[in-house]
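Okay, so here's the structure we're looking at.
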Amino acid sequence: MLDGAGKTLQPILGDDCGRDAQIILAHVLGISTASLRMRSCETVSADQVADFEIKIAQRAAFQPVSQIIGMREFWGREFIVTPDVLDPRPDTETLIEAALELPSPNRILDLGLGTGCILFTLLAEWRDASGVGVDISSDALSVAGRNAQALNVADRADLRLSNWFENIDEKFDLIVSNPPYITASEMNDLSRDVADWEPHVALTPGGDGLDAYRIIAAQASSHLNAGGNLMLEIGWQQSESVSDLLKRHDWSDLRILRDLGGNTRVICAKSPKI
Ligand code: GLN
């Protein structure tokens with residue numbers, strides 16, 4: 001079954017088709033991919049075959065694997081994923097790694113919650129912290145709400161429909177965000193997996209891709225306690241332009257971190273000294 005699926009999908013999906021087919025098959029059978037590989041023969045029901053075929057057809061229509069199986073692992077935990085939210089990406093784990101080097105903050109704000117992968121990972125790691133997560137999409141917020149329940153952090157996570165700081169009137173110790181940052185012209189070059197299936201509002205603010213950073217650089221300091229930290233994911237070519245924006249608004253102690261691929265991926269800054 002695997003080989004057959006792999007051969008059919010190869011021209012469409014390229015080198016990853018065998019791996020994708022394995023993940024989908026393991027999901028349909030309700031077992032891990034590791035135990036799938038250890039079995040030479042598996043008895044499957046007609047329903048499972050039909051389910052597998054439907055899911056392979058979805059993949060052939062470029063739907064991301066995480067949307068097909070309904071989840072994606074991030075920092076060792078499973079997050080529910082639907083077409084209403086950005087698929088959590090390993091690049092974003094760079095931000096988690098950097099944040100966890102800080103002493104535990106009391107209050108965290110996540111701007112553009114999506115699945116909630118950033119805020120809920122931090123709340124799961126810092127058991128005494130609580131936070132607010134905002135998103136402009138009510139559909140994304142309902143996915144985030146399910147993730148907060150599943151990860152047992154719902155009692156410490158206040159989820160709000162908000163366009164950036166619109167419905168925020170309190171202060172935090174740490175503000176995090178992986179805002180939409182793809183430029184209008186880069187949107188034309190996205191793979192079909194992303195362009196056809198992921199929410200564009202989560203991917204791009206249009207234009208030069210910097211509008212979210214303009215808002216955050218200008219407004220985040222009035223929502224940070226003294227000595228508070230800001231951590232932003234950025235596109236691989238944006239470290240200079242986002243640094244300039246932050247400097248213009250008097251943010252201090254700027255640090256730029258690289259992801260595992262060696263690209264600049266996260267900017268950290270301290271609240272401007274008043
Ligand atoms: N915070 C979520 C993530 O990092 C969603 C980000 C977004 O929608 N731009 O995956």
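Residue numbering restarts at 1 for every chain of the structure tokens, chains are lettered A, B, ... in their displayed order, and ligands are numbered from 1 as they appear.
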*asked:* I need the residues in region 55-124 of chain A that are alpha helix (DSSP H) according to DSSP; give them as a list in words.
replied: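 Here is the list: Lys55, Ile56, Ala57, Gln58, Arg59, Ala60, Val65, Ser66, Gln67, Ile68, Ile69, Glu93, Thr94, Leu95, Ile96, Glu97, Ala98, Ala99, Cys117, Ile118, Leu119, Phe120, Thr121, Leu122, Leu123 and Ala124 of chain A.
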Please, which residues in chain A fall within 8 Å of ligand 1 when counting only C-alpha atoms and all ligand atoms, and what is the closest atom pair and distance in Å to one decimal for each, ordered by chain then residue number, as a tab-separated table?
residue	atom	partner	partner_atom_place_in_ligand_line	distance
A:Val85	CA	ligand 1	8 (O)	6.2
A:Leu86	CA	ligand 1	8 (O)	5.0
A:Asp87	CA	ligand 1	10 (O)	5.9
A:Pro88	CA	ligand 1	10 (O)	4.2
A:Arg89	CA	ligand 1	10 (O)	6.4
A:Thr92	CA	ligand 1	4 (O)	6.0
A:Asp110	CA	ligand 1	1 (N)	7.2
A:Leu111	CA	ligand 1	1 (N)	7.2
A:Gly112	CA	ligand 1	7 (C)	5.2
A:Leu113	CA	ligand 1	1 (N)	4.2
A:Gly114	CA	ligand 1	5 (C)	3.7
A:Thr115	CA	ligand 1	2 (C)	5.7
A:Gly116	CA	ligand 1	1 (N)	5.6
A:Cys117	CA	ligand 1	3 (C)	5.8
A:Ile118	CA	ligand 1	1 (N)	5.6
A:Leu119	CA	ligand 1	1 (N)	7.6
A:Asp135	CA	ligand 1	8 (O)	7.9
A:Ser177	CA	ligand 1	1 (N)	6.2
A:Asn178	CA	ligand 1	6 (C)	4.8
A:Pro179	CA	ligand 1	9 (N)	4.3
A:Pro180	CA	ligand 1	9 (N)	4.5
A:Tyr181	CA	ligand 1	9 (N)	7.8
A:Pro199	CA	ligand 1	8 (O)	8.0
A:Val201	CA	ligand 1	8 (O)	7.4
A:Ala202	CA	ligand 1	8 (O)	3.9
A:Leu203	CA	ligand 1	9 (N)	5.7
_Counting only C-alpha atoms, the option among A:Ala226, A:Lys55, A:Lys270, A:Thr183 closest to His200 (chain A)_ = A:Thr183
Within 9 Å of region 151-163 of chain A, counting only C-alpha atoms, which residues show up once you throw out same-chain ones fewer than 6 positions away? Write them as a compact mmCIF listing (two decimals) with N, CA and C atoms, in the first residue's frame, please.
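Wrote part-v2.txt, looks like this:
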# COMPACT_ATOMS: atom_id res chain seq x y z
N ARG A 77 4.83 18.87 22.07
CA ARG A 77 3.40 18.72 22.38
C ARG A 77 2.58 18.76 21.09
N GLU A 78 1.41 18.12 21.14
CA GLU A 78 0.56 18.09 19.94
C GLU A 78 -0.41 19.26 19.94
N PHE A 79 -0.49 19.95 18.80
CA PHE A 79 -1.44 21.05 18.64
C PHE A 79 -2.46 20.70 17.55
N LEU A 111 0.62 38.01 20.60
CA LEU A 111 -0.13 38.74 19.57
C LEU A 111 -0.21 37.90 18.30
N GLY A 112 -1.40 37.47 17.93
CA GLY A 112 -1.57 36.60 16.75
C GLY A 112 -1.40 35.16 17.18
N LEU A 113 -2.39 34.68 17.93
CA LEU A 113 -2.30 33.40 18.64
C LEU A 113 -2.25 32.19 17.70
N LEU A 119 2.15 30.78 23.06
CA LEU A 119 1.68 31.08 24.42
C LEU A 119 1.50 29.79 25.23
N PHE A 120 0.87 28.78 24.65
CA PHE A 120 0.54 27.59 25.45
C PHE A 120 1.79 26.77 25.78
N THR A 121 2.78 26.79 24.88
CA THR A 121 4.04 26.11 25.20
C THR A 121 4.69 26.80 26.39
N LEU A 123 3.22 28.64 28.69
CA LEU A 123 2.43 28.42 29.92
C LEU A 123 2.62 27.00 30.45
N ALA A 124 2.81 26.05 29.52
CA ALA A 124 3.02 24.66 29.95
C ALA A 124 4.40 24.51 30.61
N ARG A 127 4.81 27.02 34.95
CA ARG A 127 3.52 26.67 35.57
C ARG A 127 2.92 27.81 36.39
N ASP A 128 3.75 28.82 36.78
CA ASP A 128 3.20 29.91 37.59
C ASP A 128 2.79 31.12 36.74
N ALA A 129 3.04 31.05 35.45
CA ALA A 129 2.73 32.20 34.58
C ALA A 129 1.29 32.12 34.08
N SER A 130 0.75 33.28 33.70
CA SER A 130 -0.55 33.31 33.02
C SER A 130 -0.43 34.30 31.87
N GLY A 131 -1.42 34.28 30.97
CA GLY A 131 -1.24 35.15 29.81
C GLY A 131 -2.51 35.47 29.07
N VAL A 132 -2.36 36.37 28.12
CA VAL A 132 -3.44 36.76 27.22
C VAL A 132 -2.98 36.45 25.80
N GLY A 133 -3.87 35.85 25.03
CA GLY A 133 -3.57 35.59 23.62
C GLY A 133 -4.64 36.25 22.77
N VAL A 134 -4.21 37.02 21.76
CA VAL A 134 -5.20 37.67 20.90
C VAL A 134 -5.05 37.20 19.46
N ASP A 135 -6.16 37.22 18.76
CA ASP A 135 -6.12 36.96 17.31
C ASP A 135 -7.25 37.76 16.68
N ILE A 136 -7.08 38.11 15.42
CA ILE A 136 -8.11 38.87 14.70
C ILE A 136 -9.16 37.93 14.12
N SER A 137 -8.86 36.63 14.13
CA SER A 137 -9.78 35.64 13.55
C SER A 137 -10.50 34.86 14.65
N SER A 138 -11.84 34.93 14.64
CA SER A 138 -12.59 34.18 15.67
C SER A 138 -12.47 32.67 15.42
N LEU A 141 -9.31 31.67 17.02
CA LEU A 141 -9.45 31.66 18.48
C LEU A 141 -10.16 30.40 18.97
N ALA A 144 -7.60 27.75 19.01
CA ALA A 144 -6.70 27.99 20.15
C ALA A 144 -7.36 27.56 21.46
N GLY A 145 -8.65 27.84 21.58
CA GLY A 145 -9.38 27.45 22.80
C GLY A 145 -9.35 25.94 23.01
*Do you know which residues are at most 12 Å from Asp196 (chain A) counting only C-alpha atoms, after dropping those on the same chain fewer than 6 positions away, and could you put them as a VMD selection string?*
chain A and resid 59 61 to 64 83 187 to 190 203
Residue selection dump (C-alpha atoms) as a PDB file, in the first residue's frame:
ATOM      1  CA  ARG A  59      -2.471  15.497   0.033  1.00  0.00           C
ATOM      2  CA  ALA A  61      -4.482  18.407  -3.755  1.00  0.00           C
ATOM      3  CA  PHE A  62      -1.599  19.985  -1.775  1.00  0.00           C
ATOM      4  CA  GLN A  63      -3.352  20.085   1.602  1.00  0.00           C
ATOM      5  CA  PRO A  64      -0.636  20.073   4.324  1.00  0.00           C
ATOM      6  CA  PRO A  83      -7.214  25.457   7.761  1.00  0.00           C
ATOM      7  CA  MET A 187       3.285  35.587  -1.623  1.00  0.00           C
ATOM      8  CA  ASN A 188       3.511  34.880  -5.376  1.00  0.00           C
ATOM      9  CA  ASP A 189       6.349  32.418  -4.809  1.00  0.00           C
ATOM     10  CA  LEU A 190       4.816  30.345  -2.006  1.00  0.00           C
ATOM     11  CA  LEU A 203       0.883  34.866   6.515  1.00  0.00           C
TER      12      LEU A 203
END
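The coordinates place CA of Gln238 (chain A) at 13.4 Å from CA of Arg255 (chain A).
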